[in-house]
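Note: the block below is start-v8.cif and it holds mmCIF, C-alpha atoms.
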```
data_upload
loop_
_atom_site.label_atom_id
_atom_site.label_comp_id
_atom_site.auth_asym_id
_atom_site.auth_seq_id
_atom_site.Cartn_x
_atom_site.Cartn_y
_atom_site.Cartn_z
CA MET A 97 149.23 55.82 -55.34
CA LEU A 98 152.52 54.30 -56.46
CA VAL A 99 153.66 54.31 -60.10
CA THR A 100 156.83 52.32 -60.79
CA GLY A 101 158.98 53.58 -63.64
CA ALA A 102 157.15 56.90 -63.31
CA ASN A 103 159.17 58.69 -65.99
CA GLY A 104 158.31 56.15 -68.70
CA TYR A 105 156.40 56.90 -71.87
CA VAL A 106 153.08 55.51 -70.60
CA ALA A 107 153.75 56.10 -66.91
CA SER A 108 154.30 59.85 -67.38
CA TRP A 109 150.79 60.20 -68.78
CA LEU A 110 149.43 58.06 -65.96
CA VAL A 111 151.15 60.26 -63.38
CA LYS A 112 149.63 63.30 -65.08
CA ARG A 113 146.13 61.79 -64.95
CA LEU A 114 146.53 60.97 -61.25
CA LEU A 115 147.83 64.45 -60.41
CA GLU A 116 144.95 66.03 -62.33
CA ARG A 117 142.57 64.14 -60.06
CA GLY A 118 144.34 65.42 -56.97
CA PHE A 119 145.97 62.18 -55.84
CA ASP A 120 149.19 62.00 -53.85
CA VAL A 121 151.50 60.11 -56.21
CA HIS A 122 154.66 58.22 -55.31
CA GLY A 123 156.84 57.52 -58.34
CA THR A 124 159.91 55.32 -58.60
CA VAL A 125 162.73 56.16 -60.99
CA ARG A 126 166.35 55.10 -61.26
CA ASP A 127 167.70 58.54 -60.42
CA PRO A 128 165.32 61.15 -58.98
CA ARG A 129 168.02 63.81 -59.29
CA ASP A 130 168.44 63.50 -63.07
CA PRO A 131 166.50 66.47 -64.55
CA SER A 132 166.62 65.01 -68.04
CA LYS A 133 164.54 62.06 -66.82
CA THR A 134 162.36 63.65 -64.15
CA GLY A 135 162.12 67.36 -65.06
CA HIS A 136 158.85 66.91 -66.97
CA LEU A 137 157.28 65.14 -63.98
CA ARG A 138 158.29 67.85 -61.52
CA ALA A 139 157.12 70.57 -63.90
CA MET A 140 153.62 69.18 -64.31
CA ALA A 141 153.34 68.46 -60.57
CA ARG A 142 153.85 72.17 -59.92
CA ASP A 143 150.79 73.02 -62.03
CA LEU A 144 148.37 70.25 -60.99
CA PRO A 145 146.36 69.73 -57.79
CA GLY A 146 147.95 66.42 -56.76
CA THR A 147 151.34 65.97 -55.11
CA LEU A 148 154.33 64.04 -56.42
CA SER A 149 157.14 62.36 -54.47
CA LEU A 150 159.92 60.61 -56.36
CA PHE A 151 161.86 57.64 -54.96
CA ARG A 152 164.95 55.84 -56.19
CA ALA A 153 164.28 52.19 -57.01
CA ASP A 154 165.86 49.41 -59.05
CA LEU A 155 163.99 46.39 -60.39
CA LEU A 156 166.77 44.08 -59.21
CA ASP A 157 166.73 45.34 -55.61
CA PRO A 158 164.52 43.00 -53.49
CA GLY A 159 163.68 45.70 -50.95
CA GLY A 160 163.82 48.69 -53.22
CA PHE A 161 160.08 49.39 -53.38
CA ASP A 162 159.05 49.20 -49.72
CA GLY A 163 159.69 52.86 -48.92
CA ALA A 164 157.94 54.15 -52.01
CA MET A 165 154.96 51.84 -51.47
CA ALA A 166 154.35 52.78 -47.84
CA GLY A 167 150.79 54.04 -47.37
CA CYS A 168 149.74 53.40 -50.99
CA PRO A 169 146.45 51.52 -51.49
CA LEU A 170 146.98 51.29 -55.24
CA VAL A 171 150.15 50.24 -57.08
CA PHE A 172 150.69 50.66 -60.83
CA HIS A 173 153.63 48.49 -61.86
CA THR A 174 154.67 49.88 -65.24
CA ALA A 175 158.47 49.52 -64.96
CA SER A 176 159.97 46.85 -67.21
CA PRO A 177 162.76 46.85 -69.82
CA LEU A 178 161.58 47.37 -73.39
CA ILE A 179 164.25 46.22 -75.83
CA VAL A 180 163.04 44.68 -79.07
CA ARG A 181 165.97 45.24 -81.43
CA ASP A 182 169.55 43.95 -81.13
CA VAL A 183 169.22 42.34 -77.71
CA ASP A 184 172.72 41.51 -76.46
CA ASP A 185 171.84 39.19 -73.58
CA PRO A 186 168.12 38.25 -73.35
CA VAL A 187 168.35 36.89 -69.82
CA ARG A 188 170.40 39.75 -68.37
CA ASP A 189 168.75 42.59 -70.30
CA LEU A 190 165.10 41.48 -70.42
CA ILE A 191 164.02 38.34 -68.63
CA GLU A 192 165.71 38.83 -65.26
CA PRO A 193 164.81 42.49 -64.73
CA ALA A 194 161.23 41.93 -65.92
CA THR A 195 160.51 38.86 -63.81
CA ARG A 196 162.58 39.79 -60.77
CA GLY A 197 161.16 43.31 -60.87
CA THR A 198 157.61 41.97 -60.88
CA ARG A 199 158.44 39.61 -58.03
CA HIS A 200 160.06 42.38 -55.97
CA VAL A 201 157.14 44.79 -56.45
CA LEU A 202 154.55 42.14 -55.57
CA GLU A 203 156.54 40.92 -52.58
CA ALA A 204 156.59 44.54 -51.40
CA ALA A 205 152.81 44.58 -51.86
CA ASP A 206 152.61 41.50 -49.63
CA ARG A 207 154.56 43.37 -46.95
CA THR A 208 152.61 46.64 -47.28
CA GLN A 209 149.30 46.46 -45.43
CA ALA A 210 147.91 49.52 -47.22
CA VAL A 211 147.97 47.90 -50.66
CA GLN A 212 144.57 46.80 -51.94
CA ARG A 213 145.16 46.51 -55.69
CA VAL A 214 148.03 46.16 -58.14
CA VAL A 215 147.61 47.15 -61.79
CA LEU A 216 150.23 45.43 -63.95
CA THR A 217 151.38 46.78 -67.31
CA SER A 218 151.64 43.66 -69.43
CA SER A 219 151.41 43.62 -73.23
CA ILE A 220 149.63 42.00 -76.14
CA VAL A 221 152.87 40.05 -76.64
CA ALA A 222 151.95 38.16 -73.47
CA ILE A 223 148.86 37.11 -75.46
CA TYR A 224 150.58 36.09 -78.70
CA GLY A 225 154.16 35.52 -79.81
CA ASP A 226 154.04 36.04 -83.58
CA ALA A 227 151.34 37.02 -86.04
CA VAL A 228 151.38 33.53 -87.56
CA ASP A 229 150.04 32.22 -84.23
CA LEU A 230 146.63 33.57 -85.22
CA GLU A 231 146.36 30.66 -87.65
CA GLN A 232 146.48 28.20 -84.75
CA ILE A 233 143.40 29.47 -82.88
CA GLU A 234 139.74 28.93 -83.69
CA ALA A 235 138.77 32.60 -83.38
CA ASN A 236 139.74 35.09 -86.07
CA ARG A 237 141.32 37.42 -83.52
CA PHE A 238 143.27 37.27 -80.29
CA ASP A 239 141.45 37.96 -77.02
CA GLU A 240 142.23 37.88 -73.29
CA SER A 241 141.88 34.09 -73.11
CA HIS A 242 144.98 33.56 -75.25
CA TRP A 243 148.56 33.25 -74.03
CA ASN A 244 151.90 33.50 -75.77
CA THR A 245 153.31 29.96 -75.83
CA THR A 246 155.77 30.31 -78.71
CA SER A 247 158.33 32.85 -77.49
CA HIS A 248 161.49 31.85 -75.61
CA GLU A 249 164.94 33.16 -74.76
CA GLY A 250 166.19 32.69 -78.31
CA HIS A 251 163.06 33.87 -80.12
CA GLN A 252 161.19 37.05 -79.23
CA PRO A 253 162.84 37.41 -75.78
CA TYR A 254 161.00 40.66 -75.01
CA SER A 255 157.66 38.93 -75.63
CA TYR A 256 158.85 36.02 -73.52
CA SER A 257 159.75 38.37 -70.65
CA LYS A 258 156.26 39.92 -70.69
CA ALA A 259 154.53 36.53 -70.73
CA LEU A 260 156.70 35.23 -67.89
CA SER A 261 156.14 38.36 -65.82
CA GLU A 262 152.38 38.29 -66.20
CA ARG A 263 152.14 34.58 -65.42
CA LEU A 264 154.25 35.19 -62.31
CA ALA A 265 151.93 38.00 -61.22
CA TRP A 266 148.85 35.81 -61.52
CA LYS A 267 150.59 33.07 -59.55
CA MET A 268 151.58 35.46 -56.76
CA VAL A 269 148.16 37.09 -56.41
CA ALA A 270 146.60 33.63 -56.02
CA GLU A 271 148.89 32.92 -53.07
CA GLN A 272 147.34 35.66 -50.90
CA ALA A 273 143.93 37.26 -50.36
CA ARG A 274 144.50 40.89 -49.30
CA TRP A 275 145.22 42.65 -52.62
CA ASP A 276 143.87 41.97 -56.08
CA LEU A 277 145.41 42.20 -59.53
CA VAL A 278 144.17 43.86 -62.71
CA VAL A 279 146.21 43.60 -65.91
CA VAL A 280 146.31 45.81 -69.00
CA ASN A 281 147.75 44.46 -72.26
CA PRO A 282 148.56 47.36 -74.62
CA GLY A 283 149.52 47.00 -78.25
CA LEU A 284 152.12 49.17 -79.99
CA VAL A 285 151.90 52.41 -78.05
CA LEU A 286 152.07 55.56 -80.18
CA GLY A 287 151.08 59.17 -79.63
CA PRO A 288 152.65 62.28 -78.12
CA GLY A 289 154.98 61.80 -75.17
CA LEU A 290 155.45 64.11 -72.23
CA SER A 291 159.24 63.85 -72.48
CA ARG A 292 161.45 63.70 -75.55
CA ASN A 293 163.87 61.42 -73.67
CA THR A 294 162.27 58.11 -74.56
CA ASN A 295 163.40 55.16 -76.64
CA ALA A 296 160.06 53.36 -76.65
CA GLU A 297 159.71 51.03 -79.61
CA GLY A 298 156.80 53.01 -81.03
CA VAL A 299 158.92 56.15 -81.07
CA LEU A 300 161.69 54.31 -82.91
CA ILE A 301 159.27 52.91 -85.50
CA MET A 302 157.77 56.33 -86.24
CA ARG A 303 161.19 57.99 -86.31
CA ASP A 304 162.55 55.40 -88.74
CA LEU A 305 159.50 55.77 -90.94
CA GLY A 306 159.85 59.54 -91.14
CA ASN A 307 163.60 59.50 -91.66
CA GLY A 308 163.51 57.15 -94.64
CA ALA A 309 164.41 53.73 -93.25
CA HIS A 310 161.71 52.30 -95.55
CA ARG A 311 161.97 54.79 -98.41
CA VAL A 312 162.33 52.04 -101.05
CA GLY A 313 159.43 50.06 -99.64
CA ALA A 314 158.01 48.70 -96.39
CA PRO A 315 157.49 45.10 -95.31
CA GLU A 316 153.95 43.73 -95.20
CA LEU A 317 153.78 44.05 -91.44
CA ASP A 318 150.78 44.80 -89.25
CA PHE A 319 150.85 46.68 -85.94
CA ALA A 320 148.10 46.71 -83.32
CA ILE A 321 148.13 50.41 -82.39
CA VAL A 322 146.92 52.20 -79.29
CA ASP A 323 147.30 55.82 -78.22
CA VAL A 324 149.53 56.43 -75.19
CA ARG A 325 146.81 58.63 -73.68
CA ASP A 326 144.29 55.79 -73.95
CA VAL A 327 146.75 53.41 -72.33
CA ALA A 328 147.14 55.80 -69.40
CA GLU A 329 143.35 56.03 -69.12
CA GLY A 330 143.13 52.24 -69.22
CA HIS A 331 145.53 52.00 -66.30
CA LEU A 332 143.61 54.64 -64.37
CA GLN A 333 140.26 52.92 -64.81
CA ALA A 334 141.76 49.50 -64.07
CA GLY A 335 142.89 50.95 -60.76
CA LEU A 336 139.81 52.95 -59.81
CA ILE A 337 136.85 50.83 -60.96
CA PRO A 338 136.11 48.48 -58.03
CA GLU A 339 134.67 45.76 -60.28
CA ALA A 340 137.66 45.70 -62.64
CA GLU A 341 139.33 42.30 -62.82
CA GLY A 342 141.34 40.13 -65.18
CA ARG A 343 143.14 41.11 -68.38
CA HIS A 344 142.29 43.93 -70.80
CA ILE A 345 143.57 44.24 -74.37
CA LEU A 346 144.25 47.89 -75.17
CA VAL A 347 144.26 48.13 -78.96
CA SER A 348 142.46 50.66 -81.12
CA GLU A 349 142.98 49.29 -84.62
CA THR A 350 145.54 47.41 -86.69
CA ARG A 351 147.48 49.17 -89.43
CA SER A 352 150.35 48.21 -91.70
CA LEU A 353 153.43 50.36 -92.19
CA ILE A 354 152.19 51.31 -95.65
CA GLU A 355 148.84 52.41 -94.22
CA ILE A 356 150.57 54.48 -91.54
CA ALA A 357 152.75 56.06 -94.21
CA ALA A 358 149.68 56.90 -96.31
CA THR A 359 148.06 58.61 -93.32
CA LEU A 360 151.19 60.68 -92.71
CA ARG A 361 151.51 61.61 -96.37
CA ASP A 362 147.90 62.75 -96.47
CA ARG A 363 148.47 64.99 -93.44
CA PHE A 364 152.05 66.19 -93.95
CA GLY A 365 152.52 66.07 -97.71
CA ASP A 366 155.03 64.38 -100.00
CA GLY A 367 158.23 65.89 -98.63
CA PHE A 368 159.11 63.03 -96.32
CA PRO A 369 160.77 59.79 -97.52
CA LEU A 370 157.73 57.68 -96.65
CA PRO A 371 157.29 54.33 -98.42
CA ARG A 372 154.71 53.98 -101.18
CA ARG A 373 154.95 50.28 -101.87
CA THR A 374 155.24 46.99 -100.07
CA VAL A 375 158.41 45.05 -100.74
CA PRO A 376 158.13 41.32 -101.54
CA ASN A 377 158.05 39.18 -98.43
CA PRO A 378 161.27 37.24 -99.23
CA MET A 379 163.13 40.54 -99.63
CA ALA A 380 161.68 41.94 -96.40
CA ILE A 381 162.70 38.80 -94.52
CA GLY A 382 166.16 38.77 -96.07
CA TYR A 383 166.92 42.35 -95.09
CA ALA A 384 165.26 42.23 -91.64
CA PRO A 385 168.58 41.85 -89.73
CA LEU A 386 169.67 45.26 -91.05
CA GLY A 387 166.90 46.71 -88.88
CA GLY A 388 167.87 44.61 -85.87
CA ILE A 389 165.13 41.99 -86.44
CA PRO A 390 166.18 38.32 -86.73
CA ARG A 391 165.07 36.56 -89.90
CA ALA A 392 163.28 33.91 -87.81
CA VAL A 393 161.09 36.64 -86.32
CA ALA A 394 160.44 38.24 -89.70
CA LYS A 395 159.38 34.87 -91.17
CA ARG A 396 156.66 34.48 -88.56
CA ASN A 397 155.30 38.02 -88.83
CA VAL A 398 155.80 39.46 -92.32
CA GLY A 399 152.74 38.82 -94.45
CA TYR A 400 150.52 37.63 -91.61
CA PRO A 401 147.54 39.74 -90.44
CA LEU A 402 146.96 40.77 -86.83
CA ARG A 403 143.51 41.11 -85.27
CA PHE A 404 142.48 41.72 -81.65
CA GLU A 405 139.25 41.88 -79.67
CA ASN A 406 139.08 45.03 -77.51
CA ALA A 407 135.47 44.74 -76.26
CA ARG A 408 136.52 44.01 -72.69
CA ALA A 409 138.44 47.29 -72.37
CA ARG A 410 135.57 49.21 -73.94
CA THR A 411 132.83 47.72 -71.78
CA ARG A 412 134.61 46.99 -68.47
CA LEU A 413 136.96 50.00 -68.37
CA GLY A 414 134.83 52.39 -70.44
CA ILE A 415 137.65 53.18 -72.87
CA THR A 416 136.80 54.98 -76.11
CA PHE A 417 139.86 54.47 -78.26
CA ARG A 418 141.20 57.33 -80.35
CA PRO A 419 141.31 56.73 -84.11
CA VAL A 420 144.72 55.56 -85.31
CA GLU A 421 144.89 58.52 -87.70
CA GLU A 422 144.76 60.97 -84.78
CA THR A 423 147.39 58.99 -82.89
CA VAL A 424 149.98 58.71 -85.64
CA THR A 425 149.65 62.28 -86.89
CA SER A 426 149.95 63.80 -83.41
CA HIS A 427 152.93 61.55 -82.71
CA PHE A 428 154.65 62.47 -85.96
CA GLN A 429 154.06 66.17 -85.35
CA GLN A 430 155.76 65.90 -81.98
CA LEU A 431 158.75 64.10 -83.51
CA LEU A 432 159.01 66.97 -85.98
CA ASN A 433 158.78 69.56 -83.22
CA ASP A 434 161.47 67.78 -81.22
CA GLY A 435 163.79 67.42 -84.21
CA LEU A 436 163.69 63.62 -84.11
CA VAL A 437 162.43 63.50 -87.69
CA SER A 438 164.27 65.54 -90.29
CA ALA A 439 162.52 68.50 -91.87
CA PRO A 440 160.90 67.69 -95.23
CA ARG A 441 162.18 68.63 -98.63
CA ARG A 442 160.84 72.04 -99.62
CA SER A 443 157.98 71.67 -102.05
CA GLY A 444 154.43 72.81 -102.40
CA SER A 445 153.08 69.45 -101.36
CA ALA A 446 155.34 69.26 -98.31
CA ALA A 447 154.26 72.71 -97.16
CA ARG A 448 150.60 71.80 -97.58
CA GLY A 449 150.44 69.58 -94.50
CA ARG A 450 152.26 71.77 -92.01
CA GLY A 451 149.58 74.34 -91.34
#
```
Go ahead and express the file in the form of structure tokens.
Amino acid sequence: MLVTGANGYVASWLVKRLLERGFDVHGTVRDPRDPSKTGHLRAMARDLPGTLSLFRADLLDPGGFDGAMAGCPLVFHTASPLIVRDVDDPVRDLIEPATRGTRHVLEAADRTQAVQRVVLTSSIVAIYGDAVDLEQIEANRFDESHWNTTSHEGHQPYSYSKALSERLAWKMVAEQARWDLVVVNPGLVLGPGLSRNTNAEGVLIMRDLGNGAHRVGAPELDFAIVDVRDVAEGHLQAGLIPEAEGRHILVSETRSLIEIAATLRDRFGDGFPLPRRTVPNPMAIGYAPLGGIPRAVAKRNVGYPLRFENARARTRLGITFRPVEETVTSHFQQLLNDGLVSAPRRSGSAARGRG
């Protein structure tokens, strides 16, 4: 089995699941010799029945995946840049590595006779561009039939890169008949990581929430949340179930920032600078650039609900999604343990939730 970007937030859990099942896992990383990026992978490989081999690979290298893919019947392509805030150069930083990386991995699959299936990590942002898009469809929620048609280089470039990459993958699989393609489309991935060295957007959102970035109030903004462990399981089942095909939305439930904050306050007490109120939409939009979010993006998302249909993942992949409350509290506890969220003010209510 090959896992690209094996040291990533989701990929690390996927590697763990594969090793637990006794598979021989090939993982690609930028630098296999960097212990800060690969130490957690090597440590868990020592304790699990499967074997792990790490390979150097770069998304922009056309032949960089052939060696790692040799002999692998199943390829999980998880590697892709994830930059949502303050993107300097959308084409250089997001679109080119995402699309060229997908092309290079799938071209390697074409050249590797052992490959029978590729599982692609896409995203719900390949399904929709902004929350306001929900108003333009007949259904009251997004499903696998929908595609993001509103993002572009200058607006939501990360979302655009995911939509382009997935469309490219479907085009390439149709041009051959030896391997098939299964796609997973996760929402905002939260939950405990296997390495503290991650800058995944979900980690940044939870860290900002706990450290007071929204202490005076949070925007009316919905997130479609899924636990990182469920995303890894979704990948695993997408790879191993012979009948699996098509796209699969991986979303447990939708929650607003205020609802997430209320869950954390109930569990951890009042010592953290968590928001208690929603700020007016015009104010949230006006101040959005301070958080690295363009006003044009804020205008199309603040105040608009998000809803998704996850029946396909539940019935076809057999996924039972964890409750959001379990996901966010376990994630927050890990951020506390790792020192990525500041310790709470000392008070009786703050101490209440730490036991």
Need the shell around Leu436 of chain A: protein/DNA/RNA residues with any atom at most 10 Å away, counting only C-alpha atoms. Skip same-chain ones fewer than 6 positions apart. Format as a list in words?
Arg292, Val299, Leu300, Met302, Arg303, Asp304, Gly306, Asn307, Phe428 and Gln430 of chain A
Atomic separation - atom CA of Asn244 of chain A relative to atom CA of Ala222 of chain A, Å:
5.2 Å
What's the separation between atom CA of Thr374 of chain A and atom CA of Ala309 of chain A, in Å to one decimal place?
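Those two atoms sit 13.3 Å apart.
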Evaluate the PyMOL selection byres ((chain A and resi 273) around 12) here and jot the selected residues down as a PyMOL selection string.
chain A and resi 205-206+209+211-213+268-272+274-277
Give me, as a PyMOL selection string, all polymer residues having an atom no more than 12 Å from Leu360 of chain A, counting only C-alpha atoms and skipping those fewer than 2 positions away in the same chain.
chain A and resi 302+305-306+353-358+362-372+420-429+446+449-450
Using the chain letters and numbers from the file, which residues does the PyMOL selection byres ((chain A and resi 393) around 9) grab, as a compact mmCIF listing (two decimals) with C-alpha atoms, keeping the file's coordinate frame?
```
# COMPACT_ATOMS: atom_id res chain seq x y z
CA ASP A 226 154.04 36.04 -83.58
CA HIS A 251 163.06 33.87 -80.12
CA GLN A 252 161.19 37.05 -79.23
CA ILE A 381 162.70 38.80 -94.52
CA ALA A 384 165.26 42.23 -91.64
CA ILE A 389 165.13 41.99 -86.44
CA PRO A 390 166.18 38.32 -86.73
CA ARG A 391 165.07 36.56 -89.90
CA ALA A 392 163.28 33.91 -87.81
CA ALA A 394 160.44 38.24 -89.70
CA LYS A 395 159.38 34.87 -91.17
CA ARG A 396 156.66 34.48 -88.56
CA ASN A 397 155.30 38.02 -88.83
CA VAL A 398 155.80 39.46 -92.32
```
Counting all atoms listed in the file, which residue out of A:Ala210, A:Leu346, A:Leu336, A:Leu148 sits closest to Asp162 of chain A?
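Distance minimum relative to Asp162 of chain A lands on A:Ala210.
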Could you list the residues chosen by the PyMOL selection byres ((chain A and resi 193-198) around 12) in this structure as number ranges by chain?
A: 100-101, 153-161, 171-179, 185-192, 199-205, 214-218, 253-269
Complete the atoms of segment 312-323 of chain A to N, CA and C atoms and put them out as a compact mmCIF listing (two decimals), in the coordinates of the input.
```txt
# COMPACT_ATOMS: atom_id res chain seq x y z
N VAL A 312 162.47 52.84 -99.82
CA VAL A 312 162.33 52.04 -101.05
C VAL A 312 161.15 51.09 -100.97
N GLY A 313 160.57 50.95 -99.80
CA GLY A 313 159.43 50.06 -99.64
C GLY A 313 159.39 49.52 -98.22
N ALA A 314 158.19 49.19 -97.75
CA ALA A 314 158.01 48.70 -96.39
C ALA A 314 157.59 47.24 -96.41
N PRO A 315 157.96 46.49 -95.39
CA PRO A 315 157.49 45.10 -95.31
C PRO A 315 155.99 45.05 -95.08
N GLU A 316 155.37 43.95 -95.46
CA GLU A 316 153.95 43.73 -95.20
C GLU A 316 153.80 43.31 -93.74
N LEU A 317 153.72 44.30 -92.88
CA LEU A 317 153.78 44.05 -91.44
C LEU A 317 152.69 44.85 -90.74
N ASP A 318 151.87 44.16 -89.97
CA ASP A 318 150.78 44.80 -89.25
C ASP A 318 151.19 45.14 -87.82
N PHE A 319 150.64 46.27 -87.32
CA PHE A 319 150.85 46.68 -85.94
C PHE A 319 149.49 46.94 -85.31
N ALA A 320 149.31 46.44 -84.09
CA ALA A 320 148.10 46.71 -83.32
C ALA A 320 148.36 47.97 -82.50
N ILE A 321 147.75 49.08 -82.89
CA ILE A 321 148.13 50.41 -82.39
C ILE A 321 147.16 50.88 -81.31
N VAL A 322 147.72 51.56 -80.32
CA VAL A 322 146.92 52.20 -79.29
C VAL A 322 147.60 53.50 -78.90
N ASP A 323 146.78 54.51 -78.60
CA ASP A 323 147.30 55.82 -78.22
C ASP A 323 147.80 55.79 -76.77
```
